[in-house]
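**Student:** Next up, my_file-v5.tsv (TSV, N, CA and C atoms).
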```
chain	number	residue	atom	x	y	z
T	1	MET	N	-35.71	16.30	-1.63
T	1	MET	CA	-35.22	15.01	-1.20
T	1	MET	C	-34.17	14.54	-2.21
T	2	LYS	N	-33.06	14.08	-1.70
T	2	LYS	CA	-31.96	13.61	-2.52
T	2	LYS	C	-32.23	12.18	-2.96
T	3	SER	N	-31.92	11.86	-4.22
T	3	SER	CA	-32.09	10.49	-4.70
T	3	SER	C	-30.72	9.81	-4.80
T	4	ILE	N	-30.67	8.61	-4.27
T	4	ILE	CA	-29.43	7.85	-4.22
T	4	ILE	C	-29.65	6.50	-4.89
T	5	CYS	N	-28.75	6.14	-5.81
T	5	CYS	CA	-28.75	4.80	-6.41
T	5	CYS	C	-27.59	4.03	-5.81
T	6	ILE	N	-27.88	2.87	-5.30
T	6	ILE	CA	-26.84	2.00	-4.77
T	6	ILE	C	-26.78	0.79	-5.69
T	7	VAL	N	-25.62	0.59	-6.30
T	7	VAL	CA	-25.43	-0.46	-7.28
T	7	VAL	C	-24.66	-1.62	-6.66
T	8	PHE	N	-25.26	-2.80	-6.72
T	8	PHE	CA	-24.61	-4.02	-6.26
T	8	PHE	C	-24.00	-4.70	-7.48
T	9	ARG	N	-22.66	-4.78	-7.54
T	9	ARG	CA	-21.97	-5.39	-8.69
T	9	ARG	C	-21.20	-6.64	-8.30
T	10	ARG	N	-20.96	-6.83	-7.02
T	10	ARG	CA	-20.11	-7.95	-6.58
T	10	ARG	C	-20.96	-9.07	-6.00
T	11	PRO	N	-20.40	-10.29	-5.96
T	11	PRO	CA	-21.15	-11.40	-5.37
T	11	PRO	C	-21.34	-11.19	-3.87
T	12	PRO	N	-22.29	-11.90	-3.28
T	12	PRO	CA	-22.65	-11.64	-1.89
T	12	PRO	C	-21.66	-12.11	-0.84
T	13	HIS	N	-20.80	-13.02	-1.15
T	13	HIS	CA	-19.94	-13.58	-0.10
T	13	HIS	C	-18.47	-13.46	-0.50
T	14	GLY	N	-17.62	-13.35	0.50
T	14	GLY	CA	-16.19	-13.23	0.25
T	14	GLY	C	-15.67	-11.82	0.48
T	15	THR	N	-16.56	-10.83	0.38
T	15	THR	CA	-16.20	-9.45	0.68
T	15	THR	C	-17.35	-8.83	1.46
T	16	PRO	N	-17.10	-7.74	2.16
T	16	PRO	CA	-18.18	-7.09	2.92
T	16	PRO	C	-19.02	-6.14	2.08
T	17	HIS	N	-18.76	-6.03	0.78
T	17	HIS	CA	-19.41	-5.02	-0.05
T	17	HIS	C	-20.93	-5.11	-0.04
T	18	GLY	N	-21.49	-6.29	-0.18
T	18	GLY	CA	-22.94	-6.44	-0.21
T	18	GLY	C	-23.60	-5.99	1.08
T	19	ARG	N	-23.04	-6.42	2.17
T	19	ARG	CA	-23.59	-6.05	3.48
T	19	ARG	C	-23.46	-4.54	3.70
T	20	GLU	N	-22.34	-3.97	3.33
T	20	GLU	CA	-22.14	-2.52	3.49
T	20	GLU	C	-23.12	-1.73	2.62
T	21	ALA	N	-23.35	-2.21	1.41
T	21	ALA	CA	-24.31	-1.53	0.52
T	21	ALA	C	-25.72	-1.59	1.10
T	22	LEU	N	-26.09	-2.73	1.63
T	22	LEU	CA	-27.42	-2.88	2.24
T	22	LEU	C	-27.55	-2.00	3.47
T	23	ASP	N	-26.53	-1.96	4.30
T	23	ASP	CA	-26.55	-1.08	5.48
T	23	ASP	C	-26.69	0.38	5.07
T	24	LEU	N	-25.94	0.80	4.05
T	24	LEU	CA	-26.02	2.17	3.58
T	24	LEU	C	-27.41	2.49	3.04
T	25	ALA	N	-28.01	1.56	2.34
T	25	ALA	CA	-29.36	1.77	1.80
T	25	ALA	C	-30.36	2.00	2.92
T	26	MET	N	-30.32	1.16	3.94
T	26	MET	CA	-31.28	1.30	5.04
T	26	MET	C	-31.00	2.57	5.85
T	27	LEU	N	-29.74	2.90	6.05
T	27	LEU	CA	-29.39	4.12	6.77
T	27	LEU	C	-29.85	5.36	6.00
T	28	SER	N	-29.60	5.37	4.70
T	28	SER	CA	-30.01	6.51	3.87
T	28	SER	C	-31.52	6.68	3.86
T	29	ALA	N	-32.23	5.58	3.74
T	29	ALA	CA	-33.69	5.63	3.76
T	29	ALA	C	-34.19	6.12	5.11
T	30	GLY	N	-33.49	5.76	6.17
T	30	GLY	CA	-33.85	6.23	7.51
T	30	GLY	C	-33.74	7.74	7.65
T	31	PHE	N	-32.89	8.34	6.82
T	31	PHE	CA	-32.75	9.80	6.80
T	31	PHE	C	-33.56	10.41	5.66
T	32	GLU	N	-34.59	9.71	5.26
T	32	GLU	CA	-35.57	10.16	4.28
T	32	GLU	C	-34.98	10.51	2.92
T	33	GLN	N	-33.98	9.74	2.51
T	33	GLN	CA	-33.45	9.85	1.16
T	33	GLN	C	-34.24	8.89	0.27
T	34	GLN	N	-34.40	9.23	-0.99
T	34	GLN	CA	-35.05	8.33	-1.95
T	34	GLN	C	-33.99	7.36	-2.43
T	35	VAL	N	-34.14	6.08	-2.10
T	35	VAL	CA	-33.12	5.08	-2.39
T	35	VAL	C	-33.60	4.12	-3.47
T	36	THR	N	-32.75	3.93	-4.46
T	36	THR	CA	-32.97	2.94	-5.50
T	36	THR	C	-31.84	1.94	-5.43
T	37	LEU	N	-32.17	0.66	-5.44
T	37	LEU	CA	-31.16	-0.39	-5.46
T	37	LEU	C	-31.12	-0.99	-6.85
T	38	ILE	N	-29.92	-1.19	-7.37
T	38	ILE	CA	-29.74	-1.76	-8.70
T	38	ILE	C	-28.75	-2.92	-8.59
T	39	PHE	N	-29.16	-4.06	-9.11
T	39	PHE	CA	-28.33	-5.27	-9.06
T	39	PHE	C	-27.90	-5.63	-10.48
T	40	VAL	N	-26.58	-5.63	-10.71
T	40	VAL	CA	-26.02	-5.94	-12.01
T	40	VAL	C	-24.84	-6.89	-11.85
T	41	ASP	N	-24.43	-7.49	-12.96
T	41	ASP	CA	-23.29	-8.40	-12.98
T	41	ASP	C	-23.45	-9.46	-11.87
T	42	GLU	N	-22.37	-9.75	-11.14
T	42	GLU	CA	-22.46	-10.74	-10.06
T	42	GLU	C	-23.32	-10.27	-8.89
T	43	GLY	N	-23.65	-9.01	-8.87
T	43	GLY	CA	-24.50	-8.46	-7.81
T	43	GLY	C	-25.88	-9.09	-7.77
T	44	VAL	N	-26.35	-9.63	-8.90
T	44	VAL	CA	-27.67	-10.28	-8.89
T	44	VAL	C	-27.70	-11.49	-7.95
T	45	LEU	N	-26.54	-12.05	-7.68
T	45	LEU	CA	-26.46	-13.22	-6.80
T	45	LEU	C	-26.83	-12.87	-5.35
T	46	ASN	N	-26.80	-11.59	-5.00
T	46	ASN	CA	-27.22	-11.16	-3.67
T	46	ASN	C	-28.69	-11.47	-3.41
T	47	LEU	N	-29.47	-11.61	-4.46
T	47	LEU	CA	-30.91	-11.80	-4.30
T	47	LEU	C	-31.38	-13.24	-4.46
T	48	VAL	N	-30.45	-14.15	-4.66
T	48	VAL	CA	-30.83	-15.55	-4.82
T	48	VAL	C	-31.25	-16.10	-3.47
T	49	ALA	N	-32.44	-16.67	-3.43
T	49	ALA	CA	-32.99	-17.23	-2.19
T	49	ALA	C	-32.28	-18.50	-1.78
T	50	GLU	N	-32.45	-18.85	-0.53
T	50	GLU	CA	-31.99	-20.12	0.04
T	50	GLU	C	-30.49	-20.35	-0.10
T	51	GLN	N	-29.71	-19.33	0.25
T	51	GLN	CA	-28.27	-19.48	0.29
T	51	GLN	C	-27.87	-19.93	1.70
T	52	SER	N	-26.72	-20.55	1.81
T	52	SER	CA	-26.21	-21.00	3.11
T	52	SER	C	-24.78	-20.51	3.30
T	53	PRO	N	-24.58	-19.21	3.46
T	53	PRO	CA	-23.22	-18.68	3.57
T	53	PRO	C	-22.50	-19.12	4.82
T	54	GLU	N	-23.25	-19.52	5.84
T	54	GLU	CA	-22.59	-19.97	7.06
T	54	GLU	C	-21.73	-21.22	6.82
T	55	LEU	N	-22.01	-21.96	5.77
T	55	LEU	CA	-21.21	-23.14	5.44
T	55	LEU	C	-19.79	-22.78	5.03
T	56	ILE	N	-19.59	-21.53	4.58
T	56	ILE	CA	-18.24	-21.08	4.23
T	56	ILE	C	-17.73	-20.05	5.23
T	57	GLY	N	-18.43	-19.95	6.36
T	57	GLY	CA	-18.00	-19.04	7.42
T	57	GLY	C	-18.38	-17.59	7.21
T	58	ALA	N	-19.35	-17.34	6.34
T	58	ALA	CA	-19.79	-15.97	6.08
T	58	ALA	C	-21.10	-15.70	6.80
T	59	ARG	N	-21.35	-14.41	7.08
T	59	ARG	CA	-22.60	-14.02	7.72
T	59	ARG	C	-23.73	-14.06	6.71
T	60	ASN	N	-24.91	-14.46	7.16
T	60	ASN	CA	-26.07	-14.51	6.29
T	60	ASN	C	-26.87	-13.21	6.43
T	61	TYR	N	-26.59	-12.27	5.53
T	61	TYR	CA	-27.33	-11.01	5.54
T	61	TYR	C	-28.40	-10.99	4.44
T	62	ILE	N	-28.45	-12.02	3.62
T	62	ILE	CA	-29.35	-12.06	2.48
T	62	ILE	C	-30.81	-11.91	2.91
T	63	ALA	N	-31.19	-12.50	4.02
T	63	ALA	CA	-32.57	-12.41	4.49
T	63	ALA	C	-32.95	-10.97	4.84
T	64	THR	N	-31.97	-10.13	5.12
T	64	THR	CA	-32.24	-8.73	5.49
T	64	THR	C	-32.86	-7.95	4.34
T	65	PHE	N	-32.67	-8.39	3.10
T	65	PHE	CA	-33.28	-7.72	1.96
T	65	PHE	C	-34.81	-7.70	2.08
T	66	LYS	N	-35.36	-8.66	2.79
T	66	LYS	CA	-36.82	-8.70	2.97
T	66	LYS	C	-37.32	-7.55	3.84
T	67	ALA	N	-36.43	-6.88	4.55
T	67	ALA	CA	-36.81	-5.74	5.40
T	67	ALA	C	-36.89	-4.43	4.62
T	68	LEU	N	-36.52	-4.41	3.36
T	68	LEU	CA	-36.51	-3.17	2.58
T	68	LEU	C	-37.83	-2.41	2.60
T	69	PRO	N	-38.98	-3.09	2.50
T	69	PRO	CA	-40.25	-2.35	2.54
T	69	PRO	C	-40.46	-1.57	3.84
T	70	PHE	N	-39.90	-2.04	4.94
T	70	PHE	CA	-40.02	-1.33	6.22
T	70	PHE	C	-39.27	0.01	6.19
T	71	TYR	N	-38.31	0.11	5.29
T	71	TYR	CA	-37.54	1.35	5.12
T	71	TYR	C	-38.04	2.16	3.93
T	72	ASP	N	-39.17	1.76	3.38
T	72	ASP	CA	-39.75	2.40	2.20
T	72	ASP	C	-38.82	2.36	0.99
T	73	ILE	N	-38.03	1.30	0.90
T	73	ILE	CA	-37.19	1.09	-0.28
T	73	ILE	C	-37.94	0.11	-1.18
T	74	GLU	N	-38.57	0.67	-2.18
T	74	GLU	CA	-39.40	-0.15	-3.07
T	74	GLU	C	-38.89	-0.14	-4.50
T	75	ASP	N	-37.95	0.73	-4.79
T	75	ASP	CA	-37.41	0.85	-6.14
T	75	ASP	C	-36.17	-0.03	-6.25
T	76	VAL	N	-36.39	-1.27	-6.69
T	76	VAL	CA	-35.32	-2.25	-6.79
T	76	VAL	C	-35.32	-2.79	-8.22
T	77	LEU	N	-34.19	-2.63	-8.91
T	77	LEU	CA	-34.06	-3.09	-10.28
T	77	LEU	C	-33.00	-4.17	-10.37
T	78	VAL	N	-33.28	-5.19	-11.17
T	78	VAL	CA	-32.35	-6.27	-11.40
T	78	VAL	C	-32.11	-6.34	-12.90
T	79	CYS	N	-30.87	-6.37	-13.29
T	79	CYS	CA	-30.51	-6.38	-14.71
T	79	CYS	C	-30.93	-7.70	-15.36
T	80	ALA	N	-31.78	-7.60	-16.37
T	80	ALA	CA	-32.26	-8.78	-17.09
T	80	ALA	C	-31.11	-9.52	-17.75
T	81	GLN	N	-30.18	-8.77	-18.32
T	81	GLN	CA	-29.03	-9.37	-19.00
T	81	GLN	C	-28.17	-10.15	-18.01
T	82	SER	N	-27.95	-9.61	-16.82
T	82	SER	CA	-27.15	-10.31	-15.81
T	82	SER	C	-27.83	-11.58	-15.35
T	83	LEU	N	-29.15	-11.52	-15.15
T	83	LEU	CA	-29.88	-12.73	-14.78
T	83	LEU	C	-29.70	-13.80	-15.84
T	84	GLN	N	-29.82	-13.40	-17.09
T	84	GLN	CA	-29.68	-14.35	-18.19
T	84	GLN	C	-28.28	-14.95	-18.22
T	85	GLU	N	-27.26	-14.13	-18.00
T	85	GLU	CA	-25.88	-14.63	-18.00
T	85	GLU	C	-25.65	-15.70	-16.94
T	86	PHE	N	-26.35	-15.60	-15.82
T	86	PHE	CA	-26.21	-16.58	-14.75
T	86	PHE	C	-27.26	-17.69	-14.82
T	87	GLY	N	-28.11	-17.63	-15.82
T	87	GLY	CA	-29.15	-18.65	-15.98
T	87	GLY	C	-30.20	-18.60	-14.90
T	88	LEU	N	-30.47	-17.40	-14.39
T	88	LEU	CA	-31.43	-17.23	-13.29
T	88	LEU	C	-32.76	-16.70	-13.79
T	89	LYS	N	-33.81	-17.09	-13.12
T	89	LYS	CA	-35.17	-16.60	-13.41
T	89	LYS	C	-35.67	-15.81	-12.21
T	90	ARG	N	-36.72	-15.04	-12.44
T	90	ARG	CA	-37.33	-14.24	-11.37
T	90	ARG	C	-37.69	-15.10	-10.15
T	91	ALA	N	-38.07	-16.31	-10.37
T	91	ALA	CA	-38.53	-17.19	-9.29
T	91	ALA	C	-37.47	-17.44	-8.22
T	92	VAL	N	-36.20	-17.29	-8.54
T	92	VAL	CA	-35.15	-17.56	-7.55
T	92	VAL	C	-34.84	-16.35	-6.68
T	93	LEU	N	-35.40	-15.20	-7.02
T	93	LEU	CA	-35.11	-13.98	-6.25
T	93	LEU	C	-35.88	-13.99	-4.94
T	94	ASN	N	-35.23	-13.55	-3.87
T	94	ASN	CA	-35.87	-13.60	-2.55
T	94	ASN	C	-36.72	-12.37	-2.23
T	95	ILE	N	-36.74	-11.37	-3.14
T	95	ILE	CA	-37.59	-10.19	-2.95
T	95	ILE	C	-38.25	-9.84	-4.28
T	96	ASP	N	-39.28	-9.02	-4.19
T	96	ASP	CA	-39.94	-8.54	-5.39
T	96	ASP	C	-39.09	-7.42	-5.99
T	97	ALA	N	-38.73	-7.56	-7.26
T	97	ALA	CA	-37.89	-6.57	-7.91
T	97	ALA	C	-38.31	-6.43	-9.36
T	98	GLU	N	-38.01	-5.28	-9.93
T	98	GLU	CA	-38.29	-5.03	-11.34
T	98	GLU	C	-37.12	-5.56	-12.17
T	99	ILE	N	-37.42	-6.45	-13.11
T	99	ILE	CA	-36.40	-6.93	-14.03
T	99	ILE	C	-36.29	-5.88	-15.13
T	100	ALA	N	-35.11	-5.31	-15.30
T	100	ALA	CA	-34.94	-4.17	-16.20
T	100	ALA	C	-33.82	-4.43	-17.20
T	101	GLU	N	-34.04	-3.90	-18.40
T	101	GLU	CA	-33.00	-3.95	-19.44
T	101	GLU	C	-31.92	-2.92	-19.10
T	102	PRO	N	-30.70	-3.13	-19.60
T	102	PRO	CA	-29.60	-2.20	-19.30
T	102	PRO	C	-29.92	-0.74	-19.61
T	103	GLU	N	-30.70	-0.47	-20.65
T	103	GLU	CA	-31.03	0.92	-21.00
T	103	GLU	C	-31.85	1.59	-19.91
T	104	VAL	N	-32.76	0.84	-19.31
T	104	VAL	CA	-33.59	1.37	-18.22
T	104	VAL	C	-32.71	1.68	-17.01
T	105	ILE	N	-31.80	0.78	-16.72
T	105	ILE	CA	-30.88	0.98	-15.59
T	105	ILE	C	-30.02	2.22	-15.83
T	106	THR	N	-29.52	2.37	-17.03
T	106	THR	CA	-28.71	3.56	-17.36
T	106	THR	C	-29.51	4.83	-17.14
T	107	GLY	N	-30.77	4.82	-17.54
T	107	GLY	CA	-31.63	5.99	-17.33
T	107	GLY	C	-31.80	6.32	-15.86
T	108	ARG	N	-32.00	5.31	-15.04
T	108	ARG	CA	-32.14	5.54	-13.59
T	108	ARG	C	-30.87	6.11	-13.01
T	109	LEU	N	-29.73	5.61	-13.44
T	109	LEU	CA	-28.45	6.12	-12.94
T	109	LEU	C	-28.26	7.59	-13.30
T	110	ARG	N	-28.69	7.96	-14.48
T	110	ARG	CA	-28.57	9.36	-14.91
T	110	ARG	C	-29.47	10.29	-14.11
T	111	GLN	N	-30.60	9.78	-13.65
T	111	GLN	CA	-31.55	10.61	-12.90
T	111	GLN	C	-31.14	10.82	-11.45
T	112	ALA	N	-30.28	9.96	-10.92
T	112	ALA	CA	-29.92	10.00	-9.50
T	112	ALA	C	-29.03	11.19	-9.18
T	113	ASP	N	-29.21	11.72	-7.99
T	113	ASP	CA	-28.32	12.77	-7.50
T	113	ASP	C	-26.95	12.21	-7.14
T	114	GLU	N	-26.96	10.97	-6.66
T	114	GLU	CA	-25.71	10.33	-6.23
T	114	GLU	C	-25.77	8.85	-6.56
T	115	VAL	N	-24.66	8.29	-7.06
T	115	VAL	CA	-24.56	6.87	-7.38
T	115	VAL	C	-23.39	6.28	-6.61
T	116	LEU	N	-23.65	5.22	-5.89
T	116	LEU	CA	-22.59	4.53	-5.14
T	116	LEU	C	-22.54	3.08	-5.62
T	117	VAL	N	-21.36	2.62	-5.96
T	117	VAL	CA	-21.18	1.28	-6.52
T	117	VAL	C	-20.42	0.42	-5.53
T	118	PHE	N	-20.99	-0.74	-5.25
T	118	PHE	CA	-20.36	-1.70	-4.33
T	118	PHE	C	-20.09	-3.00	-5.05
```
Here is a file; write its structure as structure tokens.
**Tutor:**
Amino acid sequence: MKSICIVFRRPPHGTPHGREALDLAMLSAGFEQQVTLIFVDEGVLNLVAEQSPELIGARNYIATFKALPFYDIEDVLVCAQSLQEFGLKRAVLNIDAEIAEPEVITGRLRQADEVLVF
């Protein structure tokens, strides 16, 4: 089984990157790939609960992250340093995720067969 890391680095609205990364994750998992999601930099904002993107004319795909367990995507890491930079705590995240130090994230990236950055 091939392992794929999908890295979310961009904010959730204003570009299609977040939605495309989420679609790719679910599609890859559907083909029985081992998928790990990693949220770093502004990408951590994809997991902030209670957003209202429709107010700026964007699609609300954030709630779709709650479907990850149905695709057996359980390996989700959020950069502790990025959360701290944005003043965010675990409580604001809309899914259960592992808060990881940058060294742990680097290790996961090295172990992956393929890394895709959005």
**Student:** Residues of stretch 37-100 of chain T classed as helix (DSSP H, G or I) by DSSP on the backbone are to be reported as JSON, numbers by chain.
**Tutor:** {"T": [41, 42, 43, 44, 45, 46, 47, 53, 54, 55, 56, 62, 63, 64, 65, 66, 67, 68, 69, 70, 71, 80, 81, 82, 83, 84, 85, 90, 91, 92]}
**Student:** Using all atoms listed in the file, which of the listed residues (T:Ile105, T:Ala91, T:Phe8, T:His13) sits closest to T:Arg59?
**Tutor:**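 Of T:Ile105, T:Ala91, T:Phe8, T:His13, the one nearest T:Arg59, counting all atoms listed in the file, is T:His13.
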**Student:** What separation in Å, quoted to one decimal, exists between atom CA of T:Thr106 and atom CA of T:Ser82?
**Tutor:**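 For atom CA of T:Thr106 relative to atom CA of T:Ser82, the distance reads 14.0 Å.
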**Student:** Would you mind telling me which residue in T:Asp96, T:Val117, T:Val48, T:Ala112 lies nearest to T:Lys2 when using all atoms listed in the file?
**Tutor:**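 Using all atoms listed in the file, T:Lys2 sits closest to T:Ala112.
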**Student:** Atom N of T:Asn60 to atom CA of T:Glu114: how many Å, to one decimal?
**Tutor:**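 Separating atom N of T:Asn60 from atom CA of T:Glu114 is a distance of 28.2 Å.
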**Student:** Please identify all polymer residues within 8 Å of T:Pro102, counting only N, CA and C atoms, omitting same-chain residues fewer than 3 positions from it, and present them as a PyMOL selection string.
**Tutor:** chain T and resi 78-82+99+105-108
**Student:** List every residue of chain T that DSSP, applied to the backbone, labels as strand (DSSP E or B), and write the result as number ranges by chain.
**Tutor:** T: 3-8, 34-39, 48, 75-79, 93, 98-100, 114-117
**Student:** Given the selection you just returned, output its residues as a file containing N, CA and C atoms, formatted as an mmCIF file, keeping the file's coordinate frame.
**Tutor:**
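Ended up saving to again22.cif:
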```cif
data_model
loop_
_atom_site.group_PDB
_atom_site.id
_atom_site.type_symbol
_atom_site.label_atom_id
_atom_site.label_comp_id
_atom_site.auth_asym_id
_atom_site.auth_seq_id
_atom_site.Cartn_x
_atom_site.Cartn_y
_atom_site.Cartn_z
ATOM 1 N N SER T 3 -31.920 11.860 -4.220
ATOM 2 C CA SER T 3 -32.090 10.490 -4.700
ATOM 3 C C SER T 3 -30.720 9.810 -4.800
ATOM 4 N N ILE T 4 -30.670 8.610 -4.270
ATOM 5 C CA ILE T 4 -29.430 7.850 -4.220
ATOM 6 C C ILE T 4 -29.650 6.500 -4.890
ATOM 7 N N CYS T 5 -28.750 6.140 -5.810
ATOM 8 C CA CYS T 5 -28.750 4.800 -6.410
ATOM 9 C C CYS T 5 -27.590 4.030 -5.810
ATOM 10 N N ILE T 6 -27.880 2.870 -5.300
ATOM 11 C CA ILE T 6 -26.840 2.000 -4.770
ATOM 12 C C ILE T 6 -26.780 0.790 -5.690
ATOM 13 N N VAL T 7 -25.620 0.590 -6.300
ATOM 14 C CA VAL T 7 -25.430 -0.460 -7.280
ATOM 15 C C VAL T 7 -24.660 -1.620 -6.660
ATOM 16 N N PHE T 8 -25.260 -2.800 -6.720
ATOM 17 C CA PHE T 8 -24.610 -4.020 -6.260
ATOM 18 C C PHE T 8 -24.000 -4.700 -7.480
ATOM 19 N N GLN T 34 -34.400 9.230 -0.990
ATOM 20 C CA GLN T 34 -35.050 8.330 -1.950
ATOM 21 C C GLN T 34 -33.990 7.360 -2.430
ATOM 22 N N VAL T 35 -34.140 6.080 -2.100
ATOM 23 C CA VAL T 35 -33.120 5.080 -2.390
ATOM 24 C C VAL T 35 -33.600 4.120 -3.470
ATOM 25 N N THR T 36 -32.750 3.930 -4.460
ATOM 26 C CA THR T 36 -32.970 2.940 -5.500
ATOM 27 C C THR T 36 -31.840 1.940 -5.430
ATOM 28 N N LEU T 37 -32.170 0.660 -5.440
ATOM 29 C CA LEU T 37 -31.160 -0.390 -5.460
ATOM 30 C C LEU T 37 -31.120 -0.990 -6.850
ATOM 31 N N ILE T 38 -29.920 -1.190 -7.370
ATOM 32 C CA ILE T 38 -29.740 -1.760 -8.700
ATOM 33 C C ILE T 38 -28.750 -2.920 -8.590
ATOM 34 N N PHE T 39 -29.160 -4.060 -9.110
ATOM 35 C CA PHE T 39 -28.330 -5.270 -9.060
ATOM 36 C C PHE T 39 -27.900 -5.630 -10.480
ATOM 37 N N VAL T 48 -30.450 -14.150 -4.660
ATOM 38 C CA VAL T 48 -30.830 -15.550 -4.820
ATOM 39 C C VAL T 48 -31.250 -16.100 -3.470
ATOM 40 N N ASP T 75 -37.950 0.730 -4.790
ATOM 41 C CA ASP T 75 -37.410 0.850 -6.140
ATOM 42 C C ASP T 75 -36.170 -0.030 -6.250
ATOM 43 N N VAL T 76 -36.390 -1.270 -6.690
ATOM 44 C CA VAL T 76 -35.320 -2.250 -6.790
ATOM 45 C C VAL T 76 -35.320 -2.790 -8.220
ATOM 46 N N LEU T 77 -34.190 -2.630 -8.910
ATOM 47 C CA LEU T 77 -34.060 -3.090 -10.280
ATOM 48 C C LEU T 77 -33.000 -4.170 -10.370
ATOM 49 N N VAL T 78 -33.280 -5.190 -11.170
ATOM 50 C CA VAL T 78 -32.350 -6.270 -11.400
ATOM 51 C C VAL T 78 -32.110 -6.340 -12.900
ATOM 52 N N CYS T 79 -30.870 -6.370 -13.290
ATOM 53 C CA CYS T 79 -30.510 -6.380 -14.710
ATOM 54 C C CYS T 79 -30.930 -7.700 -15.360
ATOM 55 N N LEU T 93 -35.400 -15.200 -7.020
ATOM 56 C CA LEU T 93 -35.110 -13.980 -6.250
ATOM 57 C C LEU T 93 -35.880 -13.990 -4.940
ATOM 58 N N GLU T 98 -38.010 -5.280 -9.930
ATOM 59 C CA GLU T 98 -38.290 -5.030 -11.340
ATOM 60 C C GLU T 98 -37.120 -5.560 -12.170
ATOM 61 N N ILE T 99 -37.420 -6.450 -13.110
ATOM 62 C CA ILE T 99 -36.400 -6.930 -14.030
ATOM 63 C C ILE T 99 -36.290 -5.880 -15.130
ATOM 64 N N ALA T 100 -35.110 -5.310 -15.300
ATOM 65 C CA ALA T 100 -34.940 -4.170 -16.200
ATOM 66 C C ALA T 100 -33.820 -4.430 -17.200
ATOM 67 N N GLU T 114 -26.960 10.970 -6.660
ATOM 68 C CA GLU T 114 -25.710 10.330 -6.230
ATOM 69 C C GLU T 114 -25.770 8.850 -6.560
ATOM 70 N N VAL T 115 -24.660 8.290 -7.060
ATOM 71 C CA VAL T 115 -24.560 6.870 -7.380
ATOM 72 C C VAL T 115 -23.390 6.280 -6.610
ATOM 73 N N LEU T 116 -23.650 5.220 -5.890
ATOM 74 C CA LEU T 116 -22.590 4.530 -5.140
ATOM 75 C C LEU T 116 -22.540 3.080 -5.620
ATOM 76 N N VAL T 117 -21.360 2.620 -5.960
ATOM 77 C CA VAL T 117 -21.180 1.280 -6.520
ATOM 78 C C VAL T 117 -20.420 0.420 -5.530
#
```
**Student:** Using the partial input, fill out stretch 25-36 of chain T with N, CA, C and O atoms; write the result as a compact mmCIF listing (two decimals), in the frame of the given file.
**Tutor:**
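This is the output file rebuild.txt:
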```txt
# COMPACT_ATOMS: atom_id res chain seq x y z
N ALA T 25 -28.01 1.56 2.34
CA ALA T 25 -29.36 1.77 1.80
C ALA T 25 -30.36 2.00 2.92
O ALA T 25 -31.15 2.95 2.87
N MET T 26 -30.32 1.16 3.94
CA MET T 26 -31.28 1.30 5.04
C MET T 26 -31.00 2.57 5.85
O MET T 26 -31.93 3.26 6.26
N LEU T 27 -29.74 2.90 6.05
CA LEU T 27 -29.39 4.12 6.77
C LEU T 27 -29.85 5.36 6.00
O LEU T 27 -30.44 6.28 6.57
N SER T 28 -29.60 5.37 4.70
CA SER T 28 -30.01 6.51 3.87
C SER T 28 -31.52 6.68 3.86
O SER T 28 -32.04 7.79 3.97
N ALA T 29 -32.23 5.58 3.74
CA ALA T 29 -33.69 5.63 3.76
C ALA T 29 -34.19 6.12 5.11
O ALA T 29 -35.19 6.84 5.19
N GLY T 30 -33.49 5.76 6.17
CA GLY T 30 -33.85 6.23 7.51
C GLY T 30 -33.74 7.74 7.65
O GLY T 30 -34.41 8.35 8.48
N PHE T 31 -32.89 8.34 6.82
CA PHE T 31 -32.75 9.80 6.80
C PHE T 31 -33.56 10.41 5.66
O PHE T 31 -33.24 11.49 5.17
N GLU T 32 -34.59 9.71 5.26
CA GLU T 32 -35.57 10.16 4.28
C GLU T 32 -34.98 10.51 2.92
O GLU T 32 -35.41 11.44 2.25
N GLN T 33 -33.98 9.74 2.51
CA GLN T 33 -33.45 9.85 1.16
C GLN T 33 -34.24 8.89 0.27
O GLN T 33 -34.69 7.85 0.72
N GLN T 34 -34.40 9.23 -0.99
CA GLN T 34 -35.05 8.33 -1.95
C GLN T 34 -33.99 7.36 -2.43
O GLN T 34 -33.03 7.75 -3.10
N VAL T 35 -34.14 6.08 -2.10
CA VAL T 35 -33.12 5.08 -2.39
C VAL T 35 -33.60 4.12 -3.47
O VAL T 35 -34.70 3.58 -3.39
N THR T 36 -32.75 3.93 -4.46
CA THR T 36 -32.97 2.94 -5.50
C THR T 36 -31.84 1.94 -5.43
O THR T 36 -30.66 2.33 -5.35
```
